[in-house]
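Structure first, commentary second.
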Amino acid sequence: MPEKTLFEKIRDREIPADIVHEDDHCLAFRDISPQAPLHILVVPKKAIPRIASASEDDARLLGSLLIAAAAVAAKHGIADSGFRLVINNGRDGGETVPHLHIHLLGGRPLDWPPG
Ligand code: 5GP
């Protein structure tokens with residue numbers, strides 16, 4: 001059995017997190033180091049390391065993650081003001097946790113392009 005990722009441990013309540021949404025396929029919780037007034041991570045319960053390692057079999061799951069992220073944004077009142085969804089992939093993408101996650105960022109104007 002491979003060691004659980006950090007986000008699997010949060011999924012399994014082995015590490016505490018401020019969970020704001022859960023359904024059959026995904027979990028959403030506040031980032032421990034928020035980069036915006038609202039910074040939530042939306043993660044699949046299935047341990048897919050990163051978007052580059054997702055397969056065609058994951059297509060429905062990936063769609064449901066995006067739908068969940070938009071619903072969480074709406075629940076937190078930023079659907080109209082706007083928000084950003086980010087997936088960091090690999091070293092140059094800034095990935096630090098090898099368990100696929102979507103960053104939901106909002107609550108302030110966000111610069112473009114990102115750094
Ligand atoms: P990445 O850099 O891989 O795209 O994003 C990983 C994110 O996980 C970072 O924004 C980081 O702040 C967050 N993070 C790392 N450790 C923890 C933790 O133990 N709990 C929570 N809630 N977020 C974490």
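Just remember, in the structure tokens the first chain shown is A, the second B, etc., residues are 1-based per chain, and ligands are 1-based in the order shown.
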
- request: Write out as a list in words the residues lying within 6 Å of A:Leu100, counting only C-alpha atoms and excluding same-chain residues fewer than 6 positions away.
  value: Ile48, Pro49 and Arg50 of chain A

Can you write out the residues you just picked, keeping all heavy atoms, as a PDB file, in the first residue's frame?
```
ATOM      1  N   ILE A  48      -5.400  11.026  -7.525  1.00  0.00           N
ATOM      2  CA  ILE A  48      -4.758  11.270  -8.825  1.00  0.00           C
ATOM      3  C   ILE A  48      -3.609  12.244  -8.534  1.00  0.00           C
ATOM      4  O   ILE A  48      -3.844  13.313  -7.965  1.00  0.00           O
ATOM      5  CB  ILE A  48      -5.758  11.921  -9.802  1.00  0.00           C
ATOM      6  CG1 ILE A  48      -6.972  11.015 -10.012  1.00  0.00           C
ATOM      7  CG2 ILE A  48      -5.075  12.248 -11.128  1.00  0.00           C
ATOM      8  CD1 ILE A  48      -8.135  11.700 -10.734  1.00  0.00           C
ATOM      9  N   PRO A  49      -2.376  11.913  -8.879  1.00  0.00           N
ATOM     10  CA  PRO A  49      -1.261  12.785  -8.473  1.00  0.00           C
ATOM     11  C   PRO A  49      -1.344  14.210  -9.026  1.00  0.00           C
ATOM     12  O   PRO A  49      -1.070  15.171  -8.317  1.00  0.00           O
ATOM     13  CB  PRO A  49      -0.009  12.061  -8.999  1.00  0.00           C
ATOM     14  CG  PRO A  49      -0.423  10.629  -9.106  1.00  0.00           C
ATOM     15  CD  PRO A  49      -1.882  10.663  -9.488  1.00  0.00           C
ATOM     16  N   ARG A  50      -1.673  14.319 -10.296  1.00  0.00           N
ATOM     17  CA  ARG A  50      -1.707  15.659 -10.922  1.00  0.00           C
ATOM     18  C   ARG A  50      -2.517  15.557 -12.206  1.00  0.00           C
ATOM     19  O   ARG A  50      -2.778  14.449 -12.698  1.00  0.00           O
ATOM     20  CB  ARG A  50      -0.286  16.186 -11.203  1.00  0.00           C
ATOM     21  CG  ARG A  50       0.543  15.290 -12.115  1.00  0.00           C
ATOM     22  CD  ARG A  50       2.009  15.643 -12.101  1.00  0.00           C
ATOM     23  NE  ARG A  50       2.546  15.624 -10.736  1.00  0.00           N
ATOM     24  CZ  ARG A  50       2.927  14.480 -10.103  1.00  0.00           C
ATOM     25  NH1 ARG A  50       2.846  13.303 -10.705  1.00  0.00           N
ATOM     26  NH2 ARG A  50       3.360  14.522  -8.874  1.00  0.00           N
TER      27      ARG A  50
END
```

field: Selection within 6 Å of ligand 1 by only C-alpha atoms and all ligand atoms, output as a ChimeraX atom specification
entry: /A:17,30-33,88,94-97

message: Under the rule that only C-alpha atoms are counted, which of A:His76, A:Lys45, A:Arg84, A:His39 is the nearest residue to A:Ile10?
response: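 Of the candidates, the smallest distance to A:Ile10 is held by A:Lys45.
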
Length of the atom CA of A:Pro37 to atom CA of A:Pro16 vector [Å]: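 Taking atom CA of A:Pro37 as the start and atom CA of A:Pro16 as the end point, the length is 20.3 Å.
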
task: For each of A:Ala52, A:Leu110, A:Ile67, A:Ala47, take the minimum atom-to-atom distance to A:Glu3, counting only C-alpha atoms, then give the residue where this is smallest.
output: A:Ala47

field: Nearest-residue call for A:Glu22, choices A:Asp92, A:Asp58, A:Pro44, A:Asp80, using only C-alpha atoms
entry: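 With only C-alpha atoms as the atom set, the closest residue is A:Pro44.
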
message: Applying 6 Å and only C-alpha atoms, which residues near A:Ile19 remain after dropping the ones on its own chain fewer than 2 positions away? List them as a ChimeraX atom specification.
response: /A:17,21,28-29

task: With a distance cut-off of 10 Å and only C-alpha atoms, select the neighbouring residues of A:Cys26, excluding the residue or stretch itself and same-chain residues fewer than 6 positions from it, and output the selection as a list in words.
output: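 Listed by chain and then number, they are Arg11, Val42, Val43, Pro44, Lys45, Lys46, Leu61, Leu62, Ser64, Leu65, Ala68, Ala69 and His101 of chain A.
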
Residue selection dump (N, CA and C atoms) as a PDB file, in the first residue's frame:
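Resulting contents of result31.pdb:
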```pdb
ATOM      1  N   ARG A  11      -8.752  13.831   3.762  1.00  0.00           N
ATOM      2  CA  ARG A  11      -9.981  13.127   3.372  1.00  0.00           C
ATOM      3  C   ARG A  11     -10.411  12.144   4.453  1.00  0.00           C
ATOM      4  N   VAL A  42     -10.012  22.291  -3.854  1.00  0.00           N
ATOM      5  CA  VAL A  42     -11.022  21.302  -4.228  1.00  0.00           C
ATOM      6  C   VAL A  42     -10.262  20.077  -4.721  1.00  0.00           C
ATOM      7  N   VAL A  43     -10.432  18.958  -4.036  1.00  0.00           N
ATOM      8  CA  VAL A  43      -9.619  17.778  -4.345  1.00  0.00           C
ATOM      9  C   VAL A  43     -10.512  16.567  -4.594  1.00  0.00           C
ATOM     10  N   PRO A  44     -10.098  15.698  -5.510  1.00  0.00           N
ATOM     11  CA  PRO A  44     -10.840  14.450  -5.680  1.00  0.00           C
ATOM     12  C   PRO A  44     -10.530  13.515  -4.514  1.00  0.00           C
ATOM     13  N   LYS A  45     -11.496  12.722  -4.125  1.00  0.00           N
ATOM     14  CA  LYS A  45     -11.213  11.718  -3.089  1.00  0.00           C
ATOM     15  C   LYS A  45     -10.248  10.669  -3.632  1.00  0.00           C
ATOM     16  N   LYS A  46     -10.350  10.405  -4.919  1.00  0.00           N
ATOM     17  CA  LYS A  46      -9.413   9.486  -5.572  1.00  0.00           C
ATOM     18  C   LYS A  46      -8.046  10.163  -5.677  1.00  0.00           C
ATOM     19  N   LEU A  61     -15.128  12.691 -13.330  1.00  0.00           N
ATOM     20  CA  LEU A  61     -14.645  13.173 -12.034  1.00  0.00           C
ATOM     21  C   LEU A  61     -14.084  14.596 -12.170  1.00  0.00           C
ATOM     22  N   LEU A  62     -13.295  14.827 -13.214  1.00  0.00           N
ATOM     23  CA  LEU A  62     -12.709  16.159 -13.414  1.00  0.00           C
ATOM     24  C   LEU A  62     -13.804  17.190 -13.639  1.00  0.00           C
ATOM     25  N   SER A  64     -16.815  17.026 -12.440  1.00  0.00           N
ATOM     26  CA  SER A  64     -17.526  17.262 -11.178  1.00  0.00           C
ATOM     27  C   SER A  64     -16.698  18.124 -10.226  1.00  0.00           C
ATOM     28  N   LEU A  65     -15.379  18.067 -10.346  1.00  0.00           N
ATOM     29  CA  LEU A  65     -14.535  18.946  -9.520  1.00  0.00           C
ATOM     30  C   LEU A  65     -14.768  20.409  -9.894  1.00  0.00           C
ATOM     31  N   ALA A  68     -18.137  21.477  -8.633  1.00  0.00           N
ATOM     32  CA  ALA A  68     -18.080  21.663  -7.173  1.00  0.00           C
ATOM     33  C   ALA A  68     -17.367  22.978  -6.842  1.00  0.00           C
ATOM     34  N   ALA A  69     -16.279  23.281  -7.554  1.00  0.00           N
ATOM     35  CA  ALA A  69     -15.539  24.518  -7.282  1.00  0.00           C
ATOM     36  C   ALA A  69     -16.439  25.738  -7.518  1.00  0.00           C
ATOM     37  N   HIS A 101      -5.382  18.948  -7.147  1.00  0.00           N
ATOM     38  CA  HIS A 101      -6.250  19.886  -6.433  1.00  0.00           C
ATOM     39  C   HIS A 101      -6.452  21.125  -7.286  1.00  0.00           C
TER      40      HIS A 101
END
```

- request: Please identify which residues in chain A DSSP calls alpha helix (DSSP H) from the backbone, and express them as a ChimeraX atom specification.
  value: /A:6-11,59-75,90-93

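In this model, the gap between atom CA of A:Phe83 and atom CA of A:Asp24 comes to 24.3 Å.
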
task: Find the distance between atom CA of A:Trp112 and atom CA of A:Gly63 and write it in Å to one decimal.
output: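 A separation of 24.7 Å between them.
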
query: Quick one: of A:Arg13, A:Gly90, A:Leu27, A:Gln35, who's nearest to A:Ser53, counting only C-alpha atoms?
result: A:Gly90

message: For A:Ala79, find every residue with an atom within 12 Å (counting only C-alpha atoms), except residues of its own chain fewer than 3 positions away, and show them as a list in words.
response: Leu38, Ala69, Ala70, Ala71, Val72, Ala73, Ala74, Lys75, His76, Gly82, Phe83, Arg84, Leu104, Leu105, Gly106 and Gly107 of chain A
